Structures are given as C-alpha cells and as structure tokens.
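In what follows, a structure is listed as structure tokens, so that the remarks can point back to it.
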Amino acid sequence: MSNQAWLSRSFNAVWHPCTQMKRHEALPIIPIARADGIWLTDFDGKRYLDGVSSWWVNLFGHNQPRIKAAIKAQLDELEHVILAGFTHRSVVELSERLAALTGLGHAFYGSDGASATEIALKMSFHYWKNLGQPEKCRFISPENSYHGETVGALAVTDVPLFSNTYAPLVKPGIRVPTPDARLAENGERAADVARRAARSLENVLAKQGSQIAAVIVEPLVQGAAGMAMYDASYLTELRRLCDQYQVHLIADEIAMGFGRTGTLFACEQAGIRPDFLCLSKGITGGYLPLSCVLTTDTVYRAFYDDDVTRGFLHSHSYTGNALACRAALEVLAIFEDEQVIAVNKEKATSFERYLAPIRARADVRHFRHLGMIWAFDVVSARSDFATAFFAAMVKRGALLRPIGKTVYFMPPYCISETEMAWLCAATQEALDELNQANSRFATENLPLP
Ligand SMILES: *Cc1c(COP(=O)(O)O)cnc(C)c1O
C-alpha cells in the first residue's frame with residue numbers, strides 16, 4: 001500500500017497527538033513503513049533523517065540490534081506480571097542499576113513521562129503529610145517549564161498553548177523566573193541570569209517555604225520551551241535553597257537523562273543529587289513506554305509503616321513491565337560497553353565544523369549547544385516559520401520540528417559525520433529558501449504539524 005492510502009486511513013481513524021487534526025487537510029501525515037539507524041522510510045520508499053529522535057525517545061537509532069535481541073530474550077521468559085505482591089528479575093536488576101548510578105535507593109515505575117511527574121508530586125506531598133506537615137502542598141516551577149500534560153502535571157507546566165484551555169481543571173503551581181541564558185542583558189553571562197533567577201526563587205521560599213512541598217525543574221535544558229539552556233550554577237543554588245527551606249527538589253530528566261546533555265544525567269554537571277529523579281523517554285532507547293521515579297531512602301522510609309494509608313497507594317497497570325525493563329537494562333549496558341558518553345563528546349567536537357556556518361548566519365541568534373543537542377533561534381518575519389521550515393526539511397528528507405522560531409537538532413547518537421554534515425547543509429538550504437521573497441515553495445497556508 002502506498003503513502004496515500006495509509007495517510008487517508010490514518011487521518012480517518014487515528015486521533016494524532018498534539019495536533020489540530022484539520023490542519024492535516026493541508027499538510028499530509030507521513031506514514032512510516034520501517035526504520036533503520038537514523039533513517040525513517042515511508043511507504044513510497046522516501047527516507048527521512050530522524051533529527052528529533054522520534055520525539056526525544058530514541059537513543060541509539062532504530063532497529064538497534066542489541067535492544068531488539070534483549071526484548072526478544074525477555075519475551076521468551078516473561079512478558080509482564082503484576083508488580084503488586086510480585087517481582088521479577090529485570091525490574092530488580094534495573095532498580096539496582098539505577099540506584100547505583102544515581103545514589104537514589106528506590107525506584108517506582110510508570111509508563112509515561114507525565115505519570116512520573118504525577119508520582120513525584122504525589123510522593124513529595126505525601127512525604128510531608130506523613131511527617132505531620134500536610135500544609136506543604138504547593139509546588140514551584142520556573143517559567144516555561146514542561147512536565148507533561150495530565151491534569152496534575154499541567155499544574156507545573158507553563159506552556160500556555162497546552163495549559164490555558166484546561167486552566168479551570170488545574171490547581172496551579174507557583175511560577176518563578178526562568179534561568180534561561182537567553183535573558184542575559186548587556187555584559188551579563190549565563191551565570192548572572194542563573195543567580196538572578198535563584199534570588200527570585202529564594203524570595204518565594206523565604207515567604208512561602210512552609211507551604212511548599214517541592215520545586216520541580218528540568219535540569220540544564222528546558223526542552224519544550226525551545227531547548228532553553230541555562231547555567232548549572234542554578235541547580236547548585238537550587239539544591240542549597242531546597243535544603244535550607246526544607247523543600248524537595250524534583251529533577252525532571254525525562255528528556256535530558258541518558259546522555260543528552262553530555263553526562264548520563266544532567267544533574268551530574270551541577271554536582272547535585274535531587275530528592276526525586278524522573279526518567280522516561282530515552283530510558284528504553286525509544287523502544288517501549290517506561291517511566292521511573294527514583295527517590296532517597298529517607299523518603300522511602302517515611303512511607304514504611306504498619307498503617308496502610310501511610311504507604312504510597314498509587315499504581316499503573318503496566319508498572320515495571322518486564323519487556324520495557326529489559327530494554328532499559330540493555331540501554332545501560334550499551335552506555336557502559338560502548339563508552340557512549342565519551343564517544344558522543346568526540347562526535348560533538350568534530351561536528352563543530354558543520355555547525356559553524358549556521359552559527360555565523362545573520363538570521364541566526366542564540367546558537368547553543370550542550371552534549372548532543374544543538375539549537376538556535378531564527379530571525380524570520382514569517383508567522384508560519386515552524387511549519388514552513390518543517391515542510392522544507394521534509395521535502396529534503398529530514399524530520400525536524402521547530403518550536404516556534406527555534407530550530408533544534410536532537411538526533412540519535414548513532415548519527416555519523418556524513419549525516420550531520422548533510423543535515424547542516426539541508427538546514428542552510430531550507431533557511432535560504434524560506435528567506436527568499438519569491439519562494440517557489442509557498443507554505444503560507446500550511447499549518448503547524
Ligand atoms: C516529554 C516530557 C514529559 C512528559 O512525558 P510524556 O511521556 O510525554 O508524558 C515530562 N517532562 C519533560 C521534561 C518532557 O520532556
């Protein structure tokens with residue numbers, strides 16, 4: 001069957017995420033038949049470089065032999081078993097490995113990032129309640145934060161497009177200024193912006209600390225805000241303030257964990273350990289849905305009691321799914337065996353030469369790079385920039401999804417030198433094309449994908 005047949009069936013039967021479906025009248029859905037490495041192939045045989053790691057989940061490419069073999073092996077032993085009152089080898093081994101890597105002794109599992117956020121928020125509140133401080137029930141998050149889109153997670157998510165509609169359902173958290181380094185004023189460095197943001201946070205904690213359960217942040221990079229990067233000193237300061245005011249620190253590394261920022265976990269770059277660490281997305285290499293909240297033994301012990309209601313009575317049907325846990329174990333083994341962090345560091349250095357011309361463009365501002373993420377803001381008068389750029393790249397055979405006027409590359413780590421060079425050249429071409437007044441490729445009416 002051709003692309004055309006699949007896209008019309010999909011359009012008729014599938015409600016696609018994060019999409020005004022009517023917009024697909026103008027901008028066709030792309031049906032993917034198979035994928036290998038960094039390449040997606042559609043039903044007409046056209047290939048697309050997966051420049052966003054399939055929404056930030058894929059780590060080592062598609063059709064990854066080791067992860068595939070691990071899942072197959074698990075499938076022959078045990079696909080899934082209830083985790084209440086039962087346990088299994090893969091969930092035990094994964095929890096032990098994650099504890100050893102993070103110093104956080106207990107792991108609680110969910111299936112999606114948003115459920116990890118919910119778990120962390122509920123656990124933090126319930127911890128303080130168990131300690132006789134039920135008034136600590138509010139949460140702080142920096143402006144432009146994103147922690148998922150369930151009703152609880154929306155309380156700490158600050159993306160108006162996602163949250164405004166549902167405002168009447170949400171008990172809003174407290175917003176503090178973002179440490180986004182782009183806010184640097186003349187002569188200021190990223191660390192100065194971080195210090196300013198931390199001072200504002202301190203003011204809030206000083207006034208309302210007794211009602212605050214936790215501060216939740218995306219360490220080093222606010223992904224959905226448009227890969228907004230900030231100085232690690234903000235996190236160090238945040239850790240100090242949370243200790244001082246007796247407030248939990250929840251690190252949401254759902255997007256940034258597993259090497260994206262150049263270390264296995266972003267918190268490492270600030271030398272801090274959070275009270276809760278939320279993980280998902282890359283945890284299974286992009287193979288299966290799994291999320292995890294790691295926490296301290298101190299938090300765990302506050303729930304350990306003869307009283308049932310002091311326990312954490314929260315569950316998801318697929319908690320600790322064996323196939324997903326086994327995929328995650330293989331991901332961690334690959335990091336170790338293939339020295340992924342060190343290899344990525346070398347790759348990123350050698351990619352500099354392809355990125356330099358983009359960085360130097362007159363229509364590019366705030367070029368930024370951390371680990372395996374590159375982002376820049378495009379100066380463009382076009383209100384349809386994101387859609388037009390997306391379409392111009394699809395035409396060339398690459399999947400990039402700008403956030404507003406921010407273009408970012410967040411490729412699977414298997415990206416080669418040639419592929420990066422090609423992606424950069426295609427990006428330059430697309431930017432040039434969009435700049436031309438008489439663009440042959442008119443996209444004015446194309447909606448955001
Ligand atoms: C994607 C994301 C989430 C939500 O994860 P889902 O699996 O989409 O629910 C939460 N926090 C951050 C930082 C994310 O990037």
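Residues are named by chain letter and number: chains run A, B, ... in the order of the structure tokens, numbers start at 1 in each chain, and ligands are numbered from 1 in the order shown.
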* Counting only C-alpha atoms and all ligand atoms, what residues are within 8 Å of ligand 1, given as a list in words? -> Trp55, Trp56, Ser111, Asp112, Gly113, Ala114, Ser115, Ala116, Thr117, Ser145, Tyr146, His147, Gly148, Glu149, Thr150, Glu218, Gln222, Gly223, Ala224, Asp252, Glu253, Ile254, Ala255, Met256, Ser280, Lys281, Pro289 and Ser291 of chain A
Kindly export the residues of the current selection with N, CA and C atoms, as a PDB file, in the first residue's frame.
ATOM      1  N   TRP A  55      10.657  12.277  18.712  1.00  0.00           N
ATOM      2  CA  TRP A  55      10.154  12.991  19.895  1.00  0.00           C
ATOM      3  C   TRP A  55      10.987  12.702  21.135  1.00  0.00           C
ATOM      4  N   TRP A  56      12.314  12.700  20.936  1.00  0.00           N
ATOM      5  CA  TRP A  56      13.297  12.686  22.029  1.00  0.00           C
ATOM      6  C   TRP A  56      13.431  11.338  22.738  1.00  0.00           C
ATOM      7  N   SER A 111       4.463   4.435  33.147  1.00  0.00           N
ATOM      8  CA  SER A 111       4.651   4.119  31.736  1.00  0.00           C
ATOM      9  C   SER A 111       5.002   5.329  30.879  1.00  0.00           C
ATOM     10  N   ASP A 112       4.605   6.526  31.322  1.00  0.00           N
ATOM     11  CA  ASP A 112       4.890   7.726  30.531  1.00  0.00           C
ATOM     12  C   ASP A 112       5.528   8.783  31.421  1.00  0.00           C
ATOM     13  N   GLY A 113       6.106   9.788  30.761  1.00  0.00           N
ATOM     14  CA  GLY A 113       6.745  10.860  31.499  1.00  0.00           C
ATOM     15  C   GLY A 113       5.773  11.567  32.434  1.00  0.00           C
ATOM     16  N   ALA A 114       4.599  11.893  31.916  1.00  0.00           N
ATOM     17  CA  ALA A 114       3.633  12.630  32.733  1.00  0.00           C
ATOM     18  C   ALA A 114       3.260  11.854  33.991  1.00  0.00           C
ATOM     19  N   SER A 115       3.199  10.527  33.890  1.00  0.00           N
ATOM     20  CA  SER A 115       2.859   9.778  35.110  1.00  0.00           C
ATOM     21  C   SER A 115       4.022   9.807  36.095  1.00  0.00           C
ATOM     22  N   ALA A 116       5.254   9.915  35.606  1.00  0.00           N
ATOM     23  CA  ALA A 116       6.399  10.074  36.523  1.00  0.00           C
ATOM     24  C   ALA A 116       6.274  11.402  37.271  1.00  0.00           C
ATOM     25  N   THR A 117       5.874  12.458  36.554  1.00  0.00           N
ATOM     26  CA  THR A 117       5.660  13.753  37.209  1.00  0.00           C
ATOM     27  C   THR A 117       4.592  13.624  38.297  1.00  0.00           C
ATOM     28  N   SER A 145       8.394  26.024  32.034  1.00  0.00           N
ATOM     29  CA  SER A 145       8.677  24.607  32.314  1.00  0.00           C
ATOM     30  C   SER A 145       7.686  23.707  31.589  1.00  0.00           C
ATOM     31  N   TYR A 146       8.114  22.488  31.341  1.00  0.00           N
ATOM     32  CA  TYR A 146       7.222  21.468  30.768  1.00  0.00           C
ATOM     33  C   TYR A 146       7.424  20.165  31.532  1.00  0.00           C
ATOM     34  N   HIS A 147       6.357  19.630  32.102  1.00  0.00           N
ATOM     35  CA  HIS A 147       6.486  18.376  32.844  1.00  0.00           C
ATOM     36  C   HIS A 147       5.423  17.364  32.445  1.00  0.00           C
ATOM     37  N   GLY A 148       4.770  17.588  31.308  1.00  0.00           N
ATOM     38  CA  GLY A 148       3.760  16.646  30.841  1.00  0.00           C
ATOM     39  C   GLY A 148       2.375  17.277  30.869  1.00  0.00           C
ATOM     40  N   GLU A 149       1.394  16.542  30.359  1.00  0.00           N
ATOM     41  CA  GLU A 149       0.101  17.167  30.073  1.00  0.00           C
ATOM     42  C   GLU A 149      -1.102  16.524  30.747  1.00  0.00           C
ATOM     43  N   THR A 150      -0.881  15.651  31.731  1.00  0.00           N
ATOM     44  CA  THR A 150      -2.010  15.210  32.537  1.00  0.00           C
ATOM     45  C   THR A 150      -2.383  16.364  33.467  1.00  0.00           C
ATOM     46  N   GLU A 218      13.514  21.156  35.092  1.00  0.00           N
ATOM     47  CA  GLU A 218      14.173  20.396  34.033  1.00  0.00           C
ATOM     48  C   GLU A 218      15.654  20.783  34.102  1.00  0.00           C
ATOM     49  N   GLN A 222      15.476  23.492  29.345  1.00  0.00           N
ATOM     50  CA  GLN A 222      14.014  23.450  29.304  1.00  0.00           C
ATOM     51  C   GLN A 222      13.643  23.082  27.875  1.00  0.00           C
ATOM     52  N   GLY A 223      13.364  21.793  27.667  1.00  0.00           N
ATOM     53  CA  GLY A 223      13.217  21.270  26.313  1.00  0.00           C
ATOM     54  C   GLY A 223      12.062  21.887  25.542  1.00  0.00           C
ATOM     55  N   ALA A 224      10.846  21.736  26.058  1.00  0.00           N
ATOM     56  CA  ALA A 224       9.660  22.171  25.320  1.00  0.00           C
ATOM     57  C   ALA A 224       9.594  23.691  25.194  1.00  0.00           C
ATOM     58  N   ASP A 252      13.351  16.682  36.801  1.00  0.00           N
ATOM     59  CA  ASP A 252      12.660  16.014  35.698  1.00  0.00           C
ATOM     60  C   ASP A 252      13.658  15.849  34.550  1.00  0.00           C
ATOM     61  N   GLU A 253      14.289  14.673  34.519  1.00  0.00           N
ATOM     62  CA  GLU A 253      15.242  14.378  33.436  1.00  0.00           C
ATOM     63  C   GLU A 253      14.612  13.447  32.407  1.00  0.00           C
ATOM     64  N   ILE A 254      13.295  13.549  32.282  1.00  0.00           N
ATOM     65  CA  ILE A 254      12.566  12.711  31.331  1.00  0.00           C
ATOM     66  C   ILE A 254      13.138  12.893  29.927  1.00  0.00           C
ATOM     67  N   ALA A 255      13.440  14.137  29.565  1.00  0.00           N
ATOM     68  CA  ALA A 255      14.011  14.392  28.238  1.00  0.00           C
ATOM     69  C   ALA A 255      15.540  14.414  28.277  1.00  0.00           C
ATOM     70  N   MET A 256      16.100  14.970  29.354  1.00  0.00           N
ATOM     71  CA  MET A 256      17.538  15.256  29.346  1.00  0.00           C
ATOM     72  C   MET A 256      18.397  14.121  29.898  1.00  0.00           C
ATOM     73  N   SER A 280      12.286   8.918  31.772  1.00  0.00           N
ATOM     74  CA  SER A 280      11.424   8.210  30.812  1.00  0.00           C
ATOM     75  C   SER A 280      12.079   8.346  29.441  1.00  0.00           C
ATOM     76  N   LYS A 281      11.298   8.596  28.404  1.00  0.00           N
ATOM     77  CA  LYS A 281      11.824   8.797  27.039  1.00  0.00           C
ATOM     78  C   LYS A 281      12.990   7.871  26.692  1.00  0.00           C
ATOM     79  N   PRO A 289       7.302   2.055  26.183  1.00  0.00           N
ATOM     80  CA  PRO A 289       6.974   3.081  27.173  1.00  0.00           C
ATOM     81  C   PRO A 289       7.360   2.626  28.579  1.00  0.00           C
ATOM     82  N   SER A 291       8.466   4.699  32.505  1.00  0.00           N
ATOM     83  CA  SER A 291       8.987   5.841  33.247  1.00  0.00           C
ATOM     84  C   SER A 291       9.279   5.404  34.657  1.00  0.00           C
TER      85      SER A 291
END
* Which residues, written as a ChimeraX atom specification, have at least one atom at most 7 Å from Val293 in chain A, with only C-alpha atoms counted and residues fewer than 2 positions away on the same chain left out? -> /A:107-109,116,120,276-279,295
* To do: For Leu313 in chain A, please output as a PyMOL selection string all residues within 12 Å (counting only C-alpha atoms; exclusion window: fewer than 6 positions along the same chain).
  => chain A and resi 84+108+119+122-123+126+303-304+307
* **Residue with smallest distance to Met227 in chain A - pool A:Glu268, A:Glu118, A:Glu429, A:Asp377, counting only C-alpha atoms** =>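 Of all the options, A:Asp377 lies closest to Met227 in chain A.
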* Asked: Contacts of Ala214 in chain A at 8 Å or less, counting only C-alpha atoms, minus same-chain residues fewer than 4 places along, as a PyMOL selection string?
  -> chain A and resi 121+124-125+138-140+242+247-250
Since we have the selection now, will you write its residues out, keeping all heavy atoms, as an mmCIF file, in the first residue's frame?
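Result saved to selection.cif:
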data_model
loop_
_atom_site.group_PDB
_atom_site.id
_atom_site.type_symbol
_atom_site.label_atom_id
_atom_site.label_comp_id
_atom_site.auth_asym_id
_atom_site.auth_seq_id
_atom_site.Cartn_x
_atom_site.Cartn_y
_atom_site.Cartn_z
ATOM 1 N N LEU A 121 5.159 14.344 42.335
ATOM 2 C CA LEU A 121 4.398 15.377 43.045
ATOM 3 C C LEU A 121 3.624 14.754 44.209
ATOM 4 O O LEU A 121 3.643 15.256 45.336
ATOM 5 C CB LEU A 121 3.418 16.094 42.104
ATOM 6 C CG LEU A 121 3.996 16.874 40.908
ATOM 7 C CD1 LEU A 121 2.869 17.490 40.068
ATOM 8 C CD2 LEU A 121 4.974 17.960 41.346
ATOM 9 N N SER A 124 5.998 13.534 47.029
ATOM 10 C CA SER A 124 6.566 14.641 47.803
ATOM 11 C C SER A 124 5.531 15.146 48.803
ATOM 12 O O SER A 124 5.811 15.258 50.004
ATOM 13 C CB SER A 124 7.000 15.770 46.861
ATOM 14 O OG SER A 124 7.362 16.903 47.614
ATOM 15 N N PHE A 125 4.326 15.437 48.321
ATOM 16 C CA PHE A 125 3.262 15.902 49.215
ATOM 17 C C PHE A 125 3.012 14.891 50.336
ATOM 18 O O PHE A 125 2.921 15.233 51.520
ATOM 19 C CB PHE A 125 1.969 16.132 48.416
ATOM 20 C CG PHE A 125 0.753 16.198 49.284
ATOM 21 C CD1 PHE A 125 0.494 17.316 50.047
ATOM 22 C CD2 PHE A 125 -0.110 15.102 49.380
ATOM 23 C CE1 PHE A 125 -0.613 17.358 50.897
ATOM 24 C CE2 PHE A 125 -1.216 15.133 50.220
ATOM 25 C CZ PHE A 125 -1.467 16.266 50.977
ATOM 26 N N ARG A 138 2.119 22.786 48.019
ATOM 27 C CA ARG A 138 2.231 23.563 46.784
ATOM 28 C C ARG A 138 3.568 23.265 46.098
ATOM 29 O O ARG A 138 4.522 22.800 46.734
ATOM 30 C CB ARG A 138 2.107 25.061 47.081
ATOM 31 C CG ARG A 138 0.796 25.383 47.802
ATOM 32 C CD ARG A 138 0.409 26.835 47.631
ATOM 33 N NE ARG A 138 0.127 27.137 46.223
ATOM 34 C CZ ARG A 138 -0.025 28.368 45.756
ATOM 35 N NH1 ARG A 138 0.087 29.407 46.565
ATOM 36 N NH2 ARG A 138 -0.278 28.581 44.475
ATOM 37 N N PHE A 139 3.590 23.551 44.807
ATOM 38 C CA PHE A 139 4.790 23.247 44.021
ATOM 39 C C PHE A 139 5.268 24.493 43.277
ATOM 40 O O PHE A 139 4.454 25.288 42.816
ATOM 41 C CB PHE A 139 4.498 22.120 43.026
ATOM 42 C CG PHE A 139 4.089 20.855 43.712
ATOM 43 C CD1 PHE A 139 2.743 20.524 43.866
ATOM 44 C CD2 PHE A 139 5.052 20.015 44.255
ATOM 45 C CE1 PHE A 139 2.366 19.363 44.522
ATOM 46 C CE2 PHE A 139 4.676 18.855 44.920
ATOM 47 C CZ PHE A 139 3.335 18.536 45.054
ATOM 48 N N ILE A 140 6.575 24.594 43.160
ATOM 49 C CA ILE A 140 7.177 25.712 42.420
ATOM 50 C C ILE A 140 7.833 25.173 41.164
ATOM 51 O O ILE A 140 8.470 24.110 41.204
ATOM 52 C CB ILE A 140 8.256 26.413 43.277
ATOM 53 C CG1 ILE A 140 7.643 27.011 44.542
ATOM 54 C CG2 ILE A 140 8.996 27.485 42.477
ATOM 55 C CD1 ILE A 140 8.655 27.712 45.451
ATOM 56 N N CYS A 242 16.748 24.496 48.576
ATOM 57 C CA CYS A 242 15.772 23.464 48.963
ATOM 58 C C CYS A 242 16.146 22.874 50.328
ATOM 59 O O CYS A 242 15.270 22.624 51.157
ATOM 60 C CB CYS A 242 15.696 22.369 47.901
ATOM 61 S SG CYS A 242 14.797 22.888 46.431
ATOM 62 N N VAL A 247 12.491 21.890 51.476
ATOM 63 C CA VAL A 247 11.611 21.680 50.329
ATOM 64 C C VAL A 247 12.296 20.637 49.448
ATOM 65 O O VAL A 247 13.520 20.616 49.348
ATOM 66 C CB VAL A 247 11.430 23.031 49.584
ATOM 67 C CG1 VAL A 247 10.924 22.831 48.185
ATOM 68 C CG2 VAL A 247 10.517 23.967 50.378
ATOM 69 N N HIS A 248 11.512 19.744 48.853
ATOM 70 C CA HIS A 248 12.117 18.739 47.972
ATOM 71 C C HIS A 248 12.566 19.351 46.650
ATOM 72 O O HIS A 248 11.955 20.300 46.162
ATOM 73 C CB HIS A 248 11.117 17.624 47.650
ATOM 74 C CG HIS A 248 10.885 16.699 48.801
ATOM 75 N ND1 HIS A 248 9.634 16.233 49.125
ATOM 76 C CD2 HIS A 248 11.733 16.150 49.706
ATOM 77 C CE1 HIS A 248 9.721 15.421 50.165
ATOM 78 N NE2 HIS A 248 10.982 15.367 50.546
ATOM 79 N N LEU A 249 13.567 18.747 46.081
ATOM 80 C CA LEU A 249 13.989 19.096 44.724
ATOM 81 C C LEU A 249 13.659 17.913 43.813
ATOM 82 O O LEU A 249 14.179 16.806 43.990
ATOM 83 C CB LEU A 249 15.493 19.409 44.698
ATOM 84 C CG LEU A 249 16.152 19.555 43.322
ATOM 85 C CD1 LEU A 249 15.404 20.527 42.423
ATOM 86 C CD2 LEU A 249 17.598 20.024 43.479
ATOM 87 N N ILE A 250 12.748 18.160 42.866
ATOM 88 C CA ILE A 250 12.390 17.130 41.886
ATOM 89 C C ILE A 250 13.098 17.469 40.573
ATOM 90 O O ILE A 250 12.862 18.537 40.002
ATOM 91 C CB ILE A 250 10.862 17.082 41.629
ATOM 92 C CG1 ILE A 250 10.097 16.839 42.938
ATOM 93 C CG2 ILE A 250 10.521 16.004 40.588
ATOM 94 C CD1 ILE A 250 8.573 16.943 42.793
#
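Distance annotation: of A:Ser54, A:Thr19, A:Thr296, A:Gln74, the residue with the minimal separation from His88 in chain A is A:Gln74; atom set is only C-alpha atoms.
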* Counting only C-alpha atoms, what is within 10 Å of Thr298 in chain A, bar same-chain residues fewer than 3 positions away, as a list in words? -> Leu104, Gly105, His106, Tyr127, Asp275, Thr295, Arg301, Ala302 and Phe303 of chain A
Could those selected residues go to a file with N, CA and C atoms, as a PDB file, in the first residue's frame?
ATOM      1  N   LEU A 104      20.110   7.108  44.485  1.00  0.00           N
ATOM      2  CA  LEU A 104      18.725   7.168  44.954  1.00  0.00           C
ATOM      3  C   LEU A 104      18.219   5.726  45.065  1.00  0.00           C
ATOM      4  N   GLY A 105      17.927   5.310  46.281  1.00  0.00           N
ATOM      5  CA  GLY A 105      17.805   3.890  46.593  1.00  0.00           C
ATOM      6  C   GLY A 105      16.561   3.145  46.157  1.00  0.00           C
ATOM      7  N   HIS A 106      15.479   3.854  45.836  1.00  0.00           N
ATOM      8  CA  HIS A 106      14.259   3.137  45.459  1.00  0.00           C
ATOM      9  C   HIS A 106      13.653   3.677  44.172  1.00  0.00           C
ATOM     10  N   TYR A 127       4.936  12.600  51.542  1.00  0.00           N
ATOM     11  CA  TYR A 127       6.065  12.538  52.479  1.00  0.00           C
ATOM     12  C   TYR A 127       5.862  13.559  53.593  1.00  0.00           C
ATOM     13  N   ASP A 275      16.018  15.021  45.293  1.00  0.00           N
ATOM     14  CA  ASP A 275      15.260  14.114  46.173  1.00  0.00           C
ATOM     15  C   ASP A 275      14.428  13.158  45.343  1.00  0.00           C
ATOM     16  N   THR A 295      13.939   7.790  44.215  1.00  0.00           N
ATOM     17  CA  THR A 295      13.968   8.686  45.367  1.00  0.00           C
ATOM     18  C   THR A 295      14.891   8.159  46.456  1.00  0.00           C
ATOM     19  N   ARG A 301      11.556   5.608  53.579  1.00  0.00           N
ATOM     20  CA  ARG A 301      11.306   5.199  54.976  1.00  0.00           C
ATOM     21  C   ARG A 301      10.110   5.917  55.595  1.00  0.00           C
ATOM     22  N   ALA A 302       9.816   7.140  55.116  1.00  0.00           N
ATOM     23  CA  ALA A 302       8.686   7.894  55.683  1.00  0.00           C
ATOM     24  C   ALA A 302       7.338   7.259  55.332  1.00  0.00           C
ATOM     25  N   PHE A 303       7.348   6.328  54.388  1.00  0.00           N
ATOM     26  CA  PHE A 303       6.113   5.648  53.975  1.00  0.00           C
ATOM     27  C   PHE A 303       6.005   4.250  54.589  1.00  0.00           C
TER      28      PHE A 303
END
* **alpha helix (DSSP H) call set, DSSP backbone run, range 108-344 of chain A, as a ChimeraX atom specification** => /A:113-130,151-154,160-163,190-208,233-244,297-301,322-337,340-344
* Nearest to Ile272 in chain A: which of A:Gly103, A:Gly320, A:Pro412, A:Gly61 is it, counting only C-alpha atoms? ->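 Checking each of A:Gly103, A:Gly320, A:Pro412, A:Gly61 against Ile272 in chain A, counting only C-alpha atoms, the winner is A:Gly103.
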